[in-house]
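The structure file data_15.tsv is reproduced below (TSV, C-alpha atoms).
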```tsv
chain	number	residue	atom	x	y	z
A	1	MET	CA	14.72	14.36	13.64
A	2	VAL	CA	14.35	10.84	12.23
A	3	THR	CA	15.51	10.48	8.63
A	4	ALA	CA	13.26	8.36	6.45
A	5	VAL	CA	14.61	5.33	4.62
A	6	GLY	CA	16.25	6.08	1.29
A	7	HIS	CA	16.22	9.83	1.85
A	8	ARG	CA	18.96	10.58	-0.68
A	9	THR	CA	17.28	8.47	-3.34
A	10	TRP	CA	14.00	10.22	-2.65
A	11	LEU	CA	15.64	13.64	-3.09
A	12	LYS	CA	17.18	12.55	-6.37
A	13	MET	CA	13.93	11.13	-7.71
A	14	ARG	CA	11.91	14.14	-6.62
A	15	ARG	CA	14.13	16.42	-8.73
A	16	ARG	CA	13.66	14.27	-11.82
A	17	ALA	CA	10.03	13.19	-11.45
A	18	GLN	CA	7.10	14.47	-13.45
A	19	PRO	CA	4.43	16.27	-11.39
A	20	LEU	CA	1.44	14.16	-10.44
A	21	ASP	CA	-0.98	17.08	-10.45
A	22	GLU	CA	-4.74	17.23	-10.02
A	23	GLN	CA	-5.40	16.81	-13.74
A	24	LYS	CA	-3.26	13.68	-13.88
A	25	LEU	CA	-4.94	12.25	-10.76
A	26	ILE	CA	-8.35	12.76	-12.30
A	27	ALA	CA	-7.18	10.98	-15.45
A	28	LEU	CA	-5.96	8.04	-13.34
A	29	SER	CA	-9.23	7.74	-11.41
A	30	PRO	CA	-10.91	5.61	-10.26
A	31	ILE	CA	-7.82	4.49	-8.35
A	32	LEU	CA	-7.36	0.99	-6.95
A	33	VAL	CA	-4.57	0.48	-4.41
A	34	VAL	CA	-3.43	-3.10	-3.75
A	35	SER	CA	-1.78	-3.21	-0.33
A	36	PRO	CA	0.13	-6.31	0.82
A	37	HIS	CA	-0.46	-5.59	4.52
A	38	GLN	CA	-2.54	-3.34	6.71
A	39	ASP	CA	-0.20	-0.33	7.07
A	40	ASP	CA	1.47	-0.38	3.63
A	41	GLU	CA	-1.36	1.76	2.25
A	42	THR	CA	-0.38	4.59	4.61
A	43	LEU	CA	3.38	4.19	4.35
A	44	GLY	CA	3.47	3.87	0.57
A	45	CYS	CA	0.62	6.01	-0.70
A	46	GLY	CA	-1.26	7.62	2.18
A	47	GLY	CA	-0.85	11.02	0.54
A	48	LEU	CA	-2.33	9.69	-2.68
A	49	LEU	CA	-5.36	8.26	-0.89
A	50	ALA	CA	-5.95	11.40	1.16
A	51	THR	CA	-5.54	13.70	-1.85
A	52	ALA	CA	-7.79	11.62	-4.09
A	53	ALA	CA	-10.45	11.44	-1.38
A	54	ARG	CA	-10.30	15.20	-0.85
A	55	LEU	CA	-10.84	15.70	-4.58
A	56	GLY	CA	-13.90	13.41	-4.49
A	57	LEU	CA	-12.20	10.75	-6.64
A	58	ARG	CA	-13.20	7.86	-4.34
A	59	PRO	CA	-10.10	5.64	-4.29
A	60	ARG	CA	-10.50	1.96	-3.43
A	61	VAL	CA	-8.16	-0.30	-1.47
A	62	ALA	CA	-7.68	-4.07	-1.57
A	63	TYR	CA	-5.63	-5.75	1.18
A	64	LEU	CA	-3.84	-8.90	0.13
A	65	THR	CA	-3.00	-10.63	3.44
A	66	ASP	CA	-4.78	-11.02	6.75
A	67	GLY	CA	-1.80	-9.70	8.74
A	68	SER	CA	-1.89	-12.60	11.18
A	69	ALA	CA	1.84	-13.40	11.12
A	70	SER	CA	3.25	-10.08	12.28
A	71	HIS	CA	3.57	-11.39	15.86
A	72	VAL	CA	4.25	-15.10	16.08
A	73	GLY	CA	3.88	-17.15	19.25
A	74	SER	CA	1.84	-14.70	21.30
A	75	ALA	CA	-0.52	-16.43	23.73
A	76	SER	CA	-2.61	-13.30	24.22
A	77	TRP	CA	-2.71	-12.43	20.51
A	78	PRO	CA	-3.28	-15.67	18.55
A	79	PRO	CA	-3.48	-15.35	14.75
A	80	ASP	CA	-7.27	-15.07	14.55
A	81	ARG	CA	-7.40	-12.22	17.07
A	82	LEU	CA	-4.52	-10.45	15.36
A	83	ALA	CA	-6.17	-10.77	11.94
A	84	ARG	CA	-9.47	-9.33	13.24
A	85	THR	CA	-7.67	-6.46	14.94
A	86	ARG	CA	-5.53	-5.61	11.94
A	87	ARG	CA	-8.64	-5.49	9.78
A	88	ALA	CA	-10.27	-3.05	12.20
A	89	GLU	CA	-7.06	-1.00	12.32
A	90	ALA	CA	-7.00	-0.81	8.52
A	91	LEU	CA	-10.57	0.46	8.37
A	92	SER	CA	-9.78	3.08	11.01
A	93	ALA	CA	-6.69	4.23	9.13
A	94	LEU	CA	-8.55	4.44	5.84
A	95	ALA	CA	-11.36	6.41	7.46
A	96	VAL	CA	-8.75	8.96	8.54
A	97	LEU	CA	-7.44	9.07	4.96
A	98	GLY	CA	-10.96	9.49	3.59
A	99	THR	CA	-11.79	6.00	2.27
A	100	PRO	CA	-14.93	4.40	3.75
A	101	ALA	CA	-15.36	0.71	4.51
A	102	GLU	CA	-17.58	0.10	1.48
A	103	ASP	CA	-14.62	0.91	-0.76
A	104	VAL	CA	-12.33	-1.69	0.83
A	105	CYS	CA	-11.78	-5.35	-0.04
A	106	PHE	CA	-10.00	-7.84	2.23
A	107	LEU	CA	-8.63	-10.77	0.23
A	108	GLY	CA	-7.49	-12.78	3.25
A	109	TRP	CA	-4.31	-14.40	1.98
A	110	PRO	CA	-2.11	-16.08	4.61
A	111	ASP	CA	0.39	-13.55	5.89
A	112	ALA	CA	3.98	-14.17	4.66
A	113	ASP	CA	2.88	-17.26	2.70
A	114	PRO	CA	1.41	-15.97	-0.56
A	115	PHE	CA	-0.35	-18.05	-3.15
A	116	ARG	CA	1.51	-18.60	-6.42
A	117	PRO	CA	0.18	-18.25	-9.97
A	118	GLY	CA	-1.44	-21.53	-10.95
A	119	GLN	CA	-2.60	-22.33	-7.43
A	120	PRO	CA	-6.37	-22.42	-6.79
A	121	GLY	CA	-6.14	-19.68	-4.16
A	122	TYR	CA	-4.47	-17.36	-6.64
A	123	ALA	CA	-7.06	-18.05	-9.33
A	124	ARG	CA	-9.94	-17.49	-6.91
A	125	THR	CA	-8.44	-14.20	-5.82
A	126	ILE	CA	-8.01	-12.91	-9.36
A	127	ASP	CA	-11.63	-13.82	-10.12
A	128	ARG	CA	-12.88	-12.13	-6.96
A	129	LEU	CA	-10.79	-9.03	-7.43
A	130	ALA	CA	-11.72	-8.70	-11.10
A	131	GLY	CA	-15.40	-9.02	-10.25
A	132	TRP	CA	-15.13	-6.33	-7.58
A	133	ALA	CA	-13.09	-3.99	-9.77
A	134	THR	CA	-15.46	-4.32	-12.70
A	135	GLY	CA	-18.05	-2.52	-10.60
A	136	PHE	CA	-16.04	0.71	-10.57
A	137	ALA	CA	-13.71	0.25	-13.59
A	138	PRO	CA	-10.37	1.47	-12.21
A	139	ALA	CA	-8.35	3.65	-14.54
A	140	SER	CA	-5.20	2.82	-12.57
A	141	ILE	CA	-3.94	0.11	-10.22
A	142	TRP	CA	-1.27	0.97	-7.63
A	143	SER	CA	0.84	-1.69	-5.95
A	144	PRO	CA	4.31	-2.07	-4.43
A	145	TRP	CA	7.37	-1.76	-6.65
A	146	ARG	CA	8.34	-5.28	-7.63
A	147	GLY	CA	11.92	-4.63	-6.55
A	148	GLU	CA	10.84	-4.81	-2.92
A	149	ARG	CA	12.09	-8.04	-1.39
A	150	HIS	CA	9.22	-9.03	0.90
A	151	CYS	CA	7.34	-11.98	-0.57
A	152	ASP	CA	3.93	-10.40	0.06
A	153	HIS	CA	4.99	-7.17	-1.68
A	154	VAL	CA	6.16	-9.10	-4.72
A	155	ALA	CA	2.92	-11.09	-4.72
A	156	ALA	CA	0.85	-7.90	-4.56
A	157	ALA	CA	2.76	-6.48	-7.53
A	158	ASP	CA	2.24	-9.66	-9.55
A	159	LEU	CA	-1.44	-9.84	-8.66
A	160	ALA	CA	-1.97	-6.21	-9.68
A	161	ALA	CA	-0.23	-6.81	-13.01
A	162	ASP	CA	-2.35	-9.90	-13.69
A	163	LEU	CA	-5.52	-8.05	-12.71
A	164	ALA	CA	-4.72	-5.25	-15.14
A	165	THR	CA	-4.72	-7.75	-18.02
A	166	ARG	CA	-8.20	-8.95	-17.01
A	167	LEU	CA	-9.87	-5.55	-17.11
A	168	ASP	CA	-11.19	-3.69	-20.14
A	169	PRO	CA	-10.16	-1.00	-20.72
A	170	LYS	CA	-6.77	-1.95	-19.32
A	171	PRO	CA	-5.87	0.32	-16.39
A	172	ALA	CA	-2.56	2.11	-16.00
A	173	ARG	CA	-0.08	0.57	-13.58
A	174	MET	CA	1.66	2.61	-10.88
A	175	ASP	CA	4.18	1.41	-8.29
A	176	TYR	CA	4.60	2.83	-4.80
A	177	LEU	CA	7.49	2.28	-2.40
A	178	VAL	CA	7.70	1.07	1.18
A	179	TRP	CA	10.85	-1.00	1.80
A	180	GLY	CA	12.21	-0.41	-1.69
A	181	TRP	CA	13.76	2.94	-0.89
A	182	ASN	CA	16.93	1.20	0.30
A	183	GLU	CA	17.37	-0.85	-2.87
A	184	ALA	CA	20.43	0.35	-4.80
A	185	ARG	CA	18.88	-0.23	-8.23
A	186	LEU	CA	15.93	2.02	-7.41
A	187	ALA	CA	18.14	5.09	-7.94
A	188	ARG	CA	18.61	3.99	-11.55
A	189	ASP	CA	14.91	3.39	-12.15
A	190	THR	CA	13.78	7.01	-12.43
A	191	SER	CA	12.81	7.45	-16.07
A	192	SER	CA	9.08	7.09	-15.35
A	193	ALA	CA	8.85	8.61	-11.88
A	194	TRP	CA	5.93	10.77	-10.78
A	195	ALA	CA	5.88	13.11	-7.80
A	196	LEU	CA	2.76	13.94	-5.79
A	197	ASP	CA	3.25	17.04	-3.66
A	198	CYS	CA	1.06	16.43	-0.63
A	199	PRO	CA	2.42	18.38	2.37
A	200	ARG	CA	-1.11	19.09	3.58
A	201	THR	CA	-1.65	15.37	4.14
A	202	THR	CA	1.25	14.87	6.57
A	203	GLU	CA	-0.90	15.11	9.70
A	204	VAL	CA	-3.60	12.76	8.42
A	205	ARG	CA	-0.99	10.23	7.23
A	206	GLN	CA	0.61	10.20	10.66
A	207	LYS	CA	-2.79	9.86	12.34
A	208	ALA	CA	-3.63	7.02	9.97
A	209	LEU	CA	-0.38	5.21	10.76
A	210	ALA	CA	-1.07	5.55	14.49
A	211	CYS	CA	-4.29	3.58	13.91
A	212	HIS	CA	-2.15	0.51	13.20
A	213	ARG	CA	-1.52	0.02	16.91
A	214	THR	CA	-0.39	-3.60	16.63
A	215	GLN	CA	2.38	-2.50	14.27
A	216	VAL	CA	3.69	0.67	15.90
A	217	GLY	CA	4.81	-1.16	19.03
A	218	GLY	CA	4.04	-1.57	22.70
A	219	LEU	CA	0.71	-3.35	22.39
A	220	ILE	CA	1.85	-6.97	21.96
A	221	VAL	CA	4.64	-7.91	24.36
A	222	ASP	CA	4.58	-11.72	24.57
A	223	ALA	CA	5.31	-12.73	20.96
A	224	ARG	CA	8.19	-15.06	20.15
A	225	THR	CA	8.95	-13.01	17.03
A	226	SER	CA	7.32	-9.70	16.26
A	227	PHE	CA	7.30	-6.87	13.76
A	228	GLN	CA	7.30	-3.22	14.68
A	229	ILE	CA	7.40	-0.35	12.19
A	230	PRO	CA	10.84	1.20	12.74
A	231	PRO	CA	11.02	5.00	13.15
A	232	ARG	CA	12.92	5.40	9.87
A	233	LEU	CA	10.09	3.67	8.02
A	234	ALA	CA	7.35	5.54	9.87
A	235	ALA	CA	9.10	8.76	8.82
A	236	LEU	CA	7.90	8.15	5.26
A	237	THR	CA	4.62	9.74	6.34
A	238	ALA	CA	6.44	13.04	6.97
A	239	ARG	CA	7.70	13.39	3.42
A	240	PRO	CA	5.96	16.29	1.65
A	241	THR	CA	6.15	14.47	-1.68
A	242	GLU	CA	5.29	10.88	-2.55
A	243	ILE	CA	7.13	9.28	-5.47
A	244	TYR	CA	5.66	6.66	-7.78
A	245	LEU	CA	6.98	4.69	-10.72
A	246	GLU	CA	4.85	4.13	-13.78
A	247	GLY	CA	4.58	0.41	-14.38
A	248	ALA	CA	4.61	-1.45	-17.66
```
Please re-express this file's structure in structure tokens.
Amino acid sequence: MVTAVGHRTWLKMRRRAQPLDEQKLIALSPILVVSPHQDDETLGCGGLLATAARLGLRPRVAYLTDGSASHVGSASWPPDRLARTRRAEALSALAVLGTPAEDVCFLGWPDADPFRPGQPGYARTIDRLAGWATGFAPASIWSPWRGERHCDHVAAADLAADLATRLDPKPARMDYLVWGWNEARLARDTSSAWALDCPRTTEVRQKALACHRTQVGGLIVDARTSFQIPPRLAALTARPTEIYLEGA
């Protein structure tokens, strides 16, 4: 059996976390998930999306990057083809989780080269995202924990925090975890942890992750550098409980 990343930290946090029950989910809805890449939505909060959809809460998802830099130097999969495919994979995965295409926004940032606050691309994105979100008035925004080291994950966290200040009423902020499980300081950051028990979503999360075919390996073989979801990361979808941190 493959052990998921940060398993010991997850066990510790699960014991201490407050239950994220149906009543709390309803209070946090409508939910907006900001995902840095196409696959992070399933790895970090697939159980949340599937549970909210099952309850009729209609969660929305915004993807930050176009995903075009996951396989660099491939002649058969140039960036434009990869971006189009990853977009289609994301829609397929979300359909499995219960979120239809009309509830998805693709922001199209360059993969692994995020805009910075103060740059025109950043300002345009905040305006676009705020305009979209105003239409459904999210009660909560979910994004990666800022302690994750990938530049796109940090950018997604910052963008979500800035977006929250633009909306009225101001939505709650919740952090999910992908790579952050292996960060040592995460184990100390448990005072505001929430636990969503979602064992019934394991199969749909794993089916959703399988939709990201370019990321699970074997499809693109001629790239100079390539990313493949390692088994220990994919094993996050088998956890019966997802853990979240309440943001500031």
- Query: Which is closest to A:Glu41 among A:Pro169, A:Pro144, A:Gly121, A:Gly180, if we use all atoms listed in the file?
  - Reply: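 The shortest atom-to-atom distance to A:Glu41 comes from A:Pro144.
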- If you count all atoms listed in the file, which residues fall within 10 Å of A:Thr51, apart from same-chain ones fewer than 3 positions away, as a VMD selection string? chain A and resid 22 25 45 to 48 54 to 59 97 to 98 196 to 198 200 to 201
Can you pull out the residues contacting A:Ser140? Cut-off 12 Å, using all atoms listed in the file, and skip same-chain residues under 3 positions away; I want them as a PDB file with C-alpha atoms, in the coordinates of the input.
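The new file selection_12.pdb reads:
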```pdb
ATOM      1  CA  LYS A  24      -3.260  13.680 -13.880  1.00  0.00           C
ATOM      2  CA  LEU A  25      -4.940  12.250 -10.760  1.00  0.00           C
ATOM      3  CA  ILE A  26      -8.350  12.760 -12.300  1.00  0.00           C
ATOM      4  CA  ALA A  27      -7.180  10.980 -15.450  1.00  0.00           C
ATOM      5  CA  LEU A  28      -5.960   8.040 -13.340  1.00  0.00           C
ATOM      6  CA  SER A  29      -9.230   7.740 -11.410  1.00  0.00           C
ATOM      7  CA  PRO A  30     -10.910   5.610 -10.260  1.00  0.00           C
ATOM      8  CA  ILE A  31      -7.820   4.490  -8.350  1.00  0.00           C
ATOM      9  CA  LEU A  32      -7.360   0.990  -6.950  1.00  0.00           C
ATOM     10  CA  VAL A  33      -4.570   0.480  -4.410  1.00  0.00           C
ATOM     11  CA  VAL A  34      -3.430  -3.100  -3.750  1.00  0.00           C
ATOM     12  CA  PRO A  59     -10.100   5.640  -4.290  1.00  0.00           C
ATOM     13  CA  ARG A  60     -10.500   1.960  -3.430  1.00  0.00           C
ATOM     14  CA  VAL A  61      -8.160  -0.300  -1.470  1.00  0.00           C
ATOM     15  CA  ALA A 133     -13.090  -3.990  -9.770  1.00  0.00           C
ATOM     16  CA  PHE A 136     -16.040   0.710 -10.570  1.00  0.00           C
ATOM     17  CA  ALA A 137     -13.710   0.250 -13.590  1.00  0.00           C
ATOM     18  CA  SER A 143       0.840  -1.690  -5.950  1.00  0.00           C
ATOM     19  CA  ALA A 160      -1.970  -6.210  -9.680  1.00  0.00           C
ATOM     20  CA  ALA A 161      -0.230  -6.810 -13.010  1.00  0.00           C
ATOM     21  CA  LEU A 163      -5.520  -8.050 -12.710  1.00  0.00           C
ATOM     22  CA  ALA A 164      -4.720  -5.250 -15.140  1.00  0.00           C
ATOM     23  CA  THR A 165      -4.720  -7.750 -18.020  1.00  0.00           C
ATOM     24  CA  LEU A 167      -9.870  -5.550 -17.110  1.00  0.00           C
ATOM     25  CA  ASP A 168     -11.190  -3.690 -20.140  1.00  0.00           C
ATOM     26  CA  PRO A 169     -10.160  -1.000 -20.720  1.00  0.00           C
ATOM     27  CA  LYS A 170      -6.770  -1.950 -19.320  1.00  0.00           C
ATOM     28  CA  PRO A 171      -5.870   0.320 -16.390  1.00  0.00           C
ATOM     29  CA  ALA A 172      -2.560   2.110 -16.000  1.00  0.00           C
ATOM     30  CA  ARG A 173      -0.080   0.570 -13.580  1.00  0.00           C
ATOM     31  CA  MET A 174       1.660   2.610 -10.880  1.00  0.00           C
ATOM     32  CA  ASP A 175       4.180   1.410  -8.290  1.00  0.00           C
ATOM     33  CA  GLU A 246       4.850   4.130 -13.780  1.00  0.00           C
ATOM     34  CA  GLY A 247       4.580   0.410 -14.380  1.00  0.00           C
ATOM     35  CA  ALA A 248       4.610  -1.450 -17.660  1.00  0.00           C
TER      36      ALA A 248
END
```
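Across the model, the gap from atom CA of A:Ala223 to atom CA of A:Val104 is 29.0 Å.
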- A:Asp127 surroundings by all atoms listed in the file, 12 Å radius, close-in-sequence under 4 positions cut, as an MDAnalysis selection string: chainID A and resid 107 120:123 131:134 159 162:163 166:167
Residues as selected, C-alpha atoms, written as a PDB file, keeping the file's coordinate frame, can you do that?
```
ATOM      1  CA  LEU A 107      -8.630 -10.770   0.230  1.00  0.00           C
ATOM      2  CA  PRO A 120      -6.370 -22.420  -6.790  1.00  0.00           C
ATOM      3  CA  GLY A 121      -6.140 -19.680  -4.160  1.00  0.00           C
ATOM      4  CA  TYR A 122      -4.470 -17.360  -6.640  1.00  0.00           C
ATOM      5  CA  ALA A 123      -7.060 -18.050  -9.330  1.00  0.00           C
ATOM      6  CA  GLY A 131     -15.400  -9.020 -10.250  1.00  0.00           C
ATOM      7  CA  TRP A 132     -15.130  -6.330  -7.580  1.00  0.00           C
ATOM      8  CA  ALA A 133     -13.090  -3.990  -9.770  1.00  0.00           C
ATOM      9  CA  THR A 134     -15.460  -4.320 -12.700  1.00  0.00           C
ATOM     10  CA  LEU A 159      -1.440  -9.840  -8.660  1.00  0.00           C
ATOM     11  CA  ASP A 162      -2.350  -9.900 -13.690  1.00  0.00           C
ATOM     12  CA  LEU A 163      -5.520  -8.050 -12.710  1.00  0.00           C
ATOM     13  CA  ARG A 166      -8.200  -8.950 -17.010  1.00  0.00           C
ATOM     14  CA  LEU A 167      -9.870  -5.550 -17.110  1.00  0.00           C
TER      15      LEU A 167
END
```
- Item | Point-to-point distance in Å for atom CA of A:His37 and atom CA of A:His7 |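 It comes out at 22.9 Å.
Taking atom CA of A:Ala83 and atom CA of A:Asp111 as endpoints, the distance between them is 9.3 Å.
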- For A:Asp39, which residue among A:Arg81, A:Arg87, A:Arg14, A:Arg188 is the nearest when counting all atoms listed in the file?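 Under the stated criterion, the closest residue is A:Arg87.
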- May I have the residues at most 9 Å from (10.5, 14.7, -13.5) in the file's coordinates, counting all atoms listed in the file, as a ChimeraX atom specification? /A:13-19,190-195
